[in-house]
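Next comes protein08.csv, a file with CSV, C-alpha atoms.
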```
chain,number,residue,atom,x,y,z
A,1,MET,CA,0.9,-11.8,-8.1
A,2,ASN,CA,-1.4,-9.1,-9.3
A,3,VAL,CA,-5.1,-9.9,-9.3
A,4,GLU,CA,-8.2,-7.9,-9.8
A,5,ILE,CA,-10.0,-9.3,-6.7
A,6,ASP,CA,-8.9,-10.0,-3.1
A,7,PRO,CA,-7.1,-13.2,-2.7
A,8,VAL,CA,-8.6,-16.0,-0.7
A,9,ASP,CA,-7.7,-15.3,3.0
A,10,GLU,CA,-5.0,-17.8,3.8
A,11,HIS,CA,-4.0,-16.3,7.1
A,12,THR,CA,-5.1,-17.5,10.5
A,13,GLY,CA,-4.7,-16.4,14.1
A,14,PRO,CA,-4.9,-13.0,15.7
A,15,VAL,CA,-5.2,-9.9,13.4
A,16,ARG,CA,-4.5,-6.3,14.2
A,17,HIS,CA,-5.8,-3.3,12.2
A,18,PHE,CA,-4.9,0.3,11.6
A,19,ARG,CA,-6.8,2.6,9.4
A,20,ILE,CA,-6.6,6.3,8.7
A,21,ARG,CA,-7.8,8.8,6.1
A,22,LEU,CA,-5.3,11.4,4.9
A,23,SER,CA,-5.3,14.3,2.5
A,24,ALA,CA,-4.4,13.5,-1.0
A,25,THR,CA,-1.3,15.7,-0.9
A,26,ALA,CA,2.5,15.1,-0.7
A,27,ARG,CA,2.2,15.9,3.0
A,28,GLY,CA,-0.5,13.2,3.4
A,29,ALA,CA,1.8,10.6,1.6
A,30,ARG,CA,4.7,11.5,3.9
A,31,LEU,CA,2.4,11.2,7.0
A,32,ALA,CA,1.2,7.8,5.8
A,33,ARG,CA,4.8,6.5,5.8
A,34,HIS,CA,5.5,7.9,9.3
A,35,LEU,CA,2.3,6.6,10.8
A,36,ALA,CA,2.9,3.2,9.3
A,37,ALA,CA,6.4,3.0,10.8
A,38,GLY,CA,5.1,4.2,14.1
A,39,GLN,CA,2.3,1.6,14.1
A,40,LEU,CA,4.6,-1.2,13.2
A,41,ALA,CA,6.9,-0.1,16.1
A,42,ALA,CA,4.0,-0.2,18.5
A,43,TRP,CA,3.2,-3.7,17.2
A,44,GLY,CA,6.7,-4.9,18.0
A,45,TRP,CA,8.7,-4.2,14.8
A,46,PRO,CA,11.1,-1.4,15.7
A,47,TYR,CA,11.9,1.5,13.3
A,48,ASP,CA,15.3,0.0,12.5
A,49,ALA,CA,14.0,-3.5,11.8
A,50,GLU,CA,14.1,-4.6,8.2
A,51,GLY,CA,10.4,-5.5,8.1
A,52,ASN,CA,9.5,-2.0,9.3
A,53,ARG,CA,11.8,-0.3,6.8
A,54,THR,CA,10.4,-2.4,3.9
A,55,ALA,CA,6.8,-1.9,4.9
A,56,SER,CA,7.3,1.8,5.3
A,57,LEU,CA,8.8,2.0,1.8
A,58,LEU,CA,5.9,0.2,0.3
A,59,VAL,CA,3.4,2.4,2.1
A,60,ALA,CA,5.3,5.5,0.8
A,61,GLU,CA,5.2,4.2,-2.8
A,62,LEU,CA,1.5,3.3,-2.7
A,63,ALA,CA,0.5,6.5,-0.9
A,64,THR,CA,2.5,8.6,-3.4
A,65,ASN,CA,0.8,6.8,-6.3
A,66,ALA,CA,-2.6,7.5,-4.7
A,67,VAL,CA,-1.7,11.2,-4.5
A,68,ARG,CA,-0.1,11.4,-8.0
A,69,HIS,CA,-2.5,9.2,-10.0
A,70,GLY,CA,-5.6,8.8,-7.8
A,71,ARG,CA,-6.3,12.3,-6.6
A,72,VAL,CA,-9.7,13.9,-7.0
A,73,ARG,CA,-9.9,17.4,-5.6
A,74,GLY,CA,-11.6,17.4,-2.2
A,75,ARG,CA,-11.3,13.7,-1.7
A,76,ASP,CA,-8.9,11.9,0.7
A,77,PHE,CA,-7.1,8.6,0.4
A,78,ALA,CA,-7.2,5.9,3.0
A,79,LEU,CA,-4.4,3.8,4.5
A,80,ARG,CA,-5.2,0.4,6.1
A,81,LEU,CA,-2.7,-1.9,7.7
A,82,THR,CA,-3.6,-5.4,8.7
A,83,LEU,CA,-1.1,-7.5,10.6
A,84,TYR,CA,-1.5,-11.2,10.7
A,85,ALA,CA,0.5,-11.9,13.8
A,86,GLU,CA,0.7,-15.7,13.5
A,87,ASP,CA,2.8,-15.6,10.3
A,88,ALA,CA,4.1,-12.0,10.7
A,89,THR,CA,2.5,-10.8,7.4
A,90,LEU,CA,1.4,-7.2,6.8
A,91,ARG,CA,-1.2,-6.3,4.3
A,92,ILE,CA,-1.0,-2.7,3.1
A,93,GLU,CA,-4.0,-1.2,1.4
A,94,VAL,CA,-4.2,2.3,0.0
A,95,THR,CA,-7.6,3.4,-1.4
A,96,ASP,CA,-8.0,6.4,-3.6
A,97,ALA,CA,-10.8,8.2,-5.5
A,98,ARG,CA,-9.9,7.2,-9.1
A,99,PRO,CA,-11.2,3.7,-10.0
A,100,ASP,CA,-10.7,4.5,-13.6
A,101,ARG,CA,-6.9,4.7,-13.2
A,102,ARG,CA,-5.7,1.2,-12.5
A,103,PRO,CA,-2.0,0.3,-12.3
A,104,PRO,CA,-0.6,-2.0,-15.0
A,105,SER,CA,-1.0,-5.7,-14.3
A,106,VAL,CA,1.8,-8.0,-13.2
A,107,GLY,CA,4.2,-8.8,-16.0
A,108,THR,CA,3.5,-5.6,-17.9
A,109,LEU,CA,5.5,-3.3,-15.7
A,110,THR,CA,8.5,-1.9,-17.6
A,111,PRO,CA,11.5,-0.4,-16.0
A,112,ALA,CA,11.8,3.4,-16.1
A,113,GLY,CA,14.5,5.1,-18.1
A,114,GLN,CA,17.7,6.0,-16.2
A,115,ASP,CA,17.0,9.7,-16.8
A,116,THR,CA,13.5,9.8,-15.5
A,117,GLU,CA,12.6,10.8,-12.0
A,118,SER,CA,9.6,8.5,-11.5
A,119,GLY,CA,8.1,5.2,-12.7
A,120,ARG,CA,9.8,2.8,-10.3
A,121,GLY,CA,7.3,2.6,-7.4
A,122,LEU,CA,5.2,-0.4,-8.6
A,123,LEU,CA,8.4,-2.2,-9.6
A,124,LEU,CA,9.5,-1.9,-5.9
A,125,VAL,CA,6.1,-3.1,-4.7
A,126,GLU,CA,6.3,-6.1,-7.0
A,127,ALA,CA,9.9,-6.9,-6.0
A,128,LEU,CA,9.4,-6.5,-2.2
A,129,SER,CA,6.0,-8.0,-1.7
A,130,THR,CA,4.7,-11.5,-1.9
A,131,HIS,CA,1.4,-10.5,-3.5
A,132,TRP,CA,-0.1,-7.3,-4.8
A,133,GLY,CA,-3.0,-6.2,-6.8
A,134,THR,CA,-6.0,-3.9,-7.1
A,135,THR,CA,-9.6,-4.1,-6.0
A,136,ALA,CA,-12.7,-1.9,-6.7
A,137,GLY,CA,-15.2,-2.3,-3.9
A,138,ASP,CA,-17.5,0.4,-5.3
A,139,PRO,CA,-17.8,2.6,-8.4
A,140,TYR,CA,-16.0,5.6,-6.6
A,141,THR,CA,-12.8,4.1,-5.3
A,142,LYS,CA,-10.0,1.6,-6.0
A,143,THR,CA,-7.6,-0.1,-3.6
A,144,VAL,CA,-4.0,-1.0,-4.4
A,145,TRP,CA,-2.8,-3.6,-1.9
A,146,CYS,CA,0.3,-5.7,-1.2
A,147,GLU,CA,1.4,-8.2,1.4
A,148,VAL,CA,4.9,-8.3,2.9
A,149,PRO,CA,6.4,-10.7,5.4
A,150,LEU,CA,7.9,-8.7,8.3
A,151,GLY,CA,10.3,-11.5,9.3
```
Write the structure described by the file as structure tokens, please.
Amino acid sequence: MNVEIDPVDEHTGPVRHFRIRLSATARGARLARHLAAGQLAAWGWPYDAEGNRTASLLVAELATNAVRHGRVRGRDFALRLTLYAEDATLRIEVTDARPDRRPPSVGTLTPAGQDTESGRGLLLVEALSTHWGTTAGDPYTKTVWCEVPLG
């Protein structure tokens, strides 16, 4: 489900957070994936667990989109992970500096051509997450988020 506002918080129980700002470069996007995998391992989902691999892939896709489509020279992007321990759900949020460049809404994503090298990231996000969407908390940033069960 893609919505323009944060969904009603339906999670209960203990919550864990991880947040970091990274350079809006290919190196920053790679680092986001590695840091997310490491944090999930520290929270009890080992690197080779399916939940860790899926979440790391989603972080990589959202971070790459932030670098490719949300980059403003001199501005970073932020990665935030929120683990709802009771139901083992991870919320991934990537905030960039381009609120004017929003991703397409759910149902309007079209598959990329077989001969193109890009255009599949949000399709993966939509397929692998239970919810996803965008928010704009201020006039200077946008956040693309998704939630994934870690199992």
**OP:** Check the smallest atom-to-atom distance from each of A:Lys142, A:Glu147, A:Ala136, A:Pro103 to Asp87 in chain A using all atoms listed in the file, then report the winner.
**Re:**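 Counting all atoms listed in the file, the residue closest to Asp87 in chain A is A:Glu147.
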**OP:** Rounded to one decimal place, report the CA of Gly70 in chain A-CA of Thr143 in chain A distance in Å.
**Re:**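 Here the two named atoms are 10.0 Å from each other.
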**OP:** Figure out the distance between CA of Gly133 in chain A and CA of Ala88 in chain A, please, to one decimal in Å.
**Re:**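 These two atoms are separated by 19.8 Å.
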Listing only residues of range 73-110 of chain A within 10 Å of range 25-28 of chain A, what is the closest atom pair and its distance in Å (to one decimal) for each, using only C-alpha atoms, sorted by chain and residue number ascending, as a Markdown table?
```
| residue | atom | partner | partner_atom | distance |
| --- | --- | --- | --- | --- |
| A:Arg73 | CA | A:Thr25 | CA | 9.9 |
| A:Asp76 | CA | A:Thr25 | CA | 8.6 |
| A:Phe77 | CA | A:Gly28 | CA | 8.6 |
| A:Ala78 | CA | A:Gly28 | CA | 9.9 |
```
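Of the residues under consideration (A:Ala55, A:His69, A:Leu79, A:Asp100), A:Ala55 shows the shortest atom-to-atom contact distance to Thr130 in chain A when counting all atoms listed in the file.
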**OP:** Considering only C-alpha atoms, state which residue in the set A:Val94, A:Leu81, A:Val15, A:Leu150 is at the smallest distance from Trp45 in chain A.
**Re:** A:Leu150
Original post:
At a cut-off of 9 Å from (-3.5, -6.3, 6.4) in the coordinates of the file, what residues are picked up using all atoms listed in the file, written as a list in words?
Top reply: Val15, Arg16, His17, Phe18, Arg80, Leu81, Thr82, Leu83, Tyr84, Thr89, Leu90, Arg91, Ile92, Glu93, Trp145, Cys146 and Glu147 of chain A
**OP:** May I ask for the distance between CA of Thr54 in chain A and CA of Arg102 in chain A, given in Å to one decimal place?
**Re:**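 These atoms are spaced 23.3 Å apart.
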**OP:** Between A:Val148, A:Ile20, A:Asp138, A:Ala32, single out the one closest to Glu61 in chain A, counting all atoms listed in the file.
**Re:**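 Checking each of A:Val148, A:Ile20, A:Asp138, A:Ala32 against Glu61 in chain A, counting all atoms listed in the file, the winner is A:Ala32.
Using all atoms listed in the file, the nearest neighbour of Gly137 in chain A within the list A:Gly121, A:Gly151, A:Gly38, A:Pro99 is A:Pro99.
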Original post:
Pick from A:Leu57, A:Thr64, A:Gly51, A:Leu40: nearest to Ser23 in chain A, with only C-alpha atoms counted?
Top reply: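 Answer, going by the shortest atom-to-atom distance: A:Thr64.
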Subject >> Spatial neighbours of Ala66 in chain A, 9 Å, all atoms listed in the file, chain gap at least 5 places, as a ChimeraX atom specification >> reply: /A:24,29,61,71,77,94-98,144
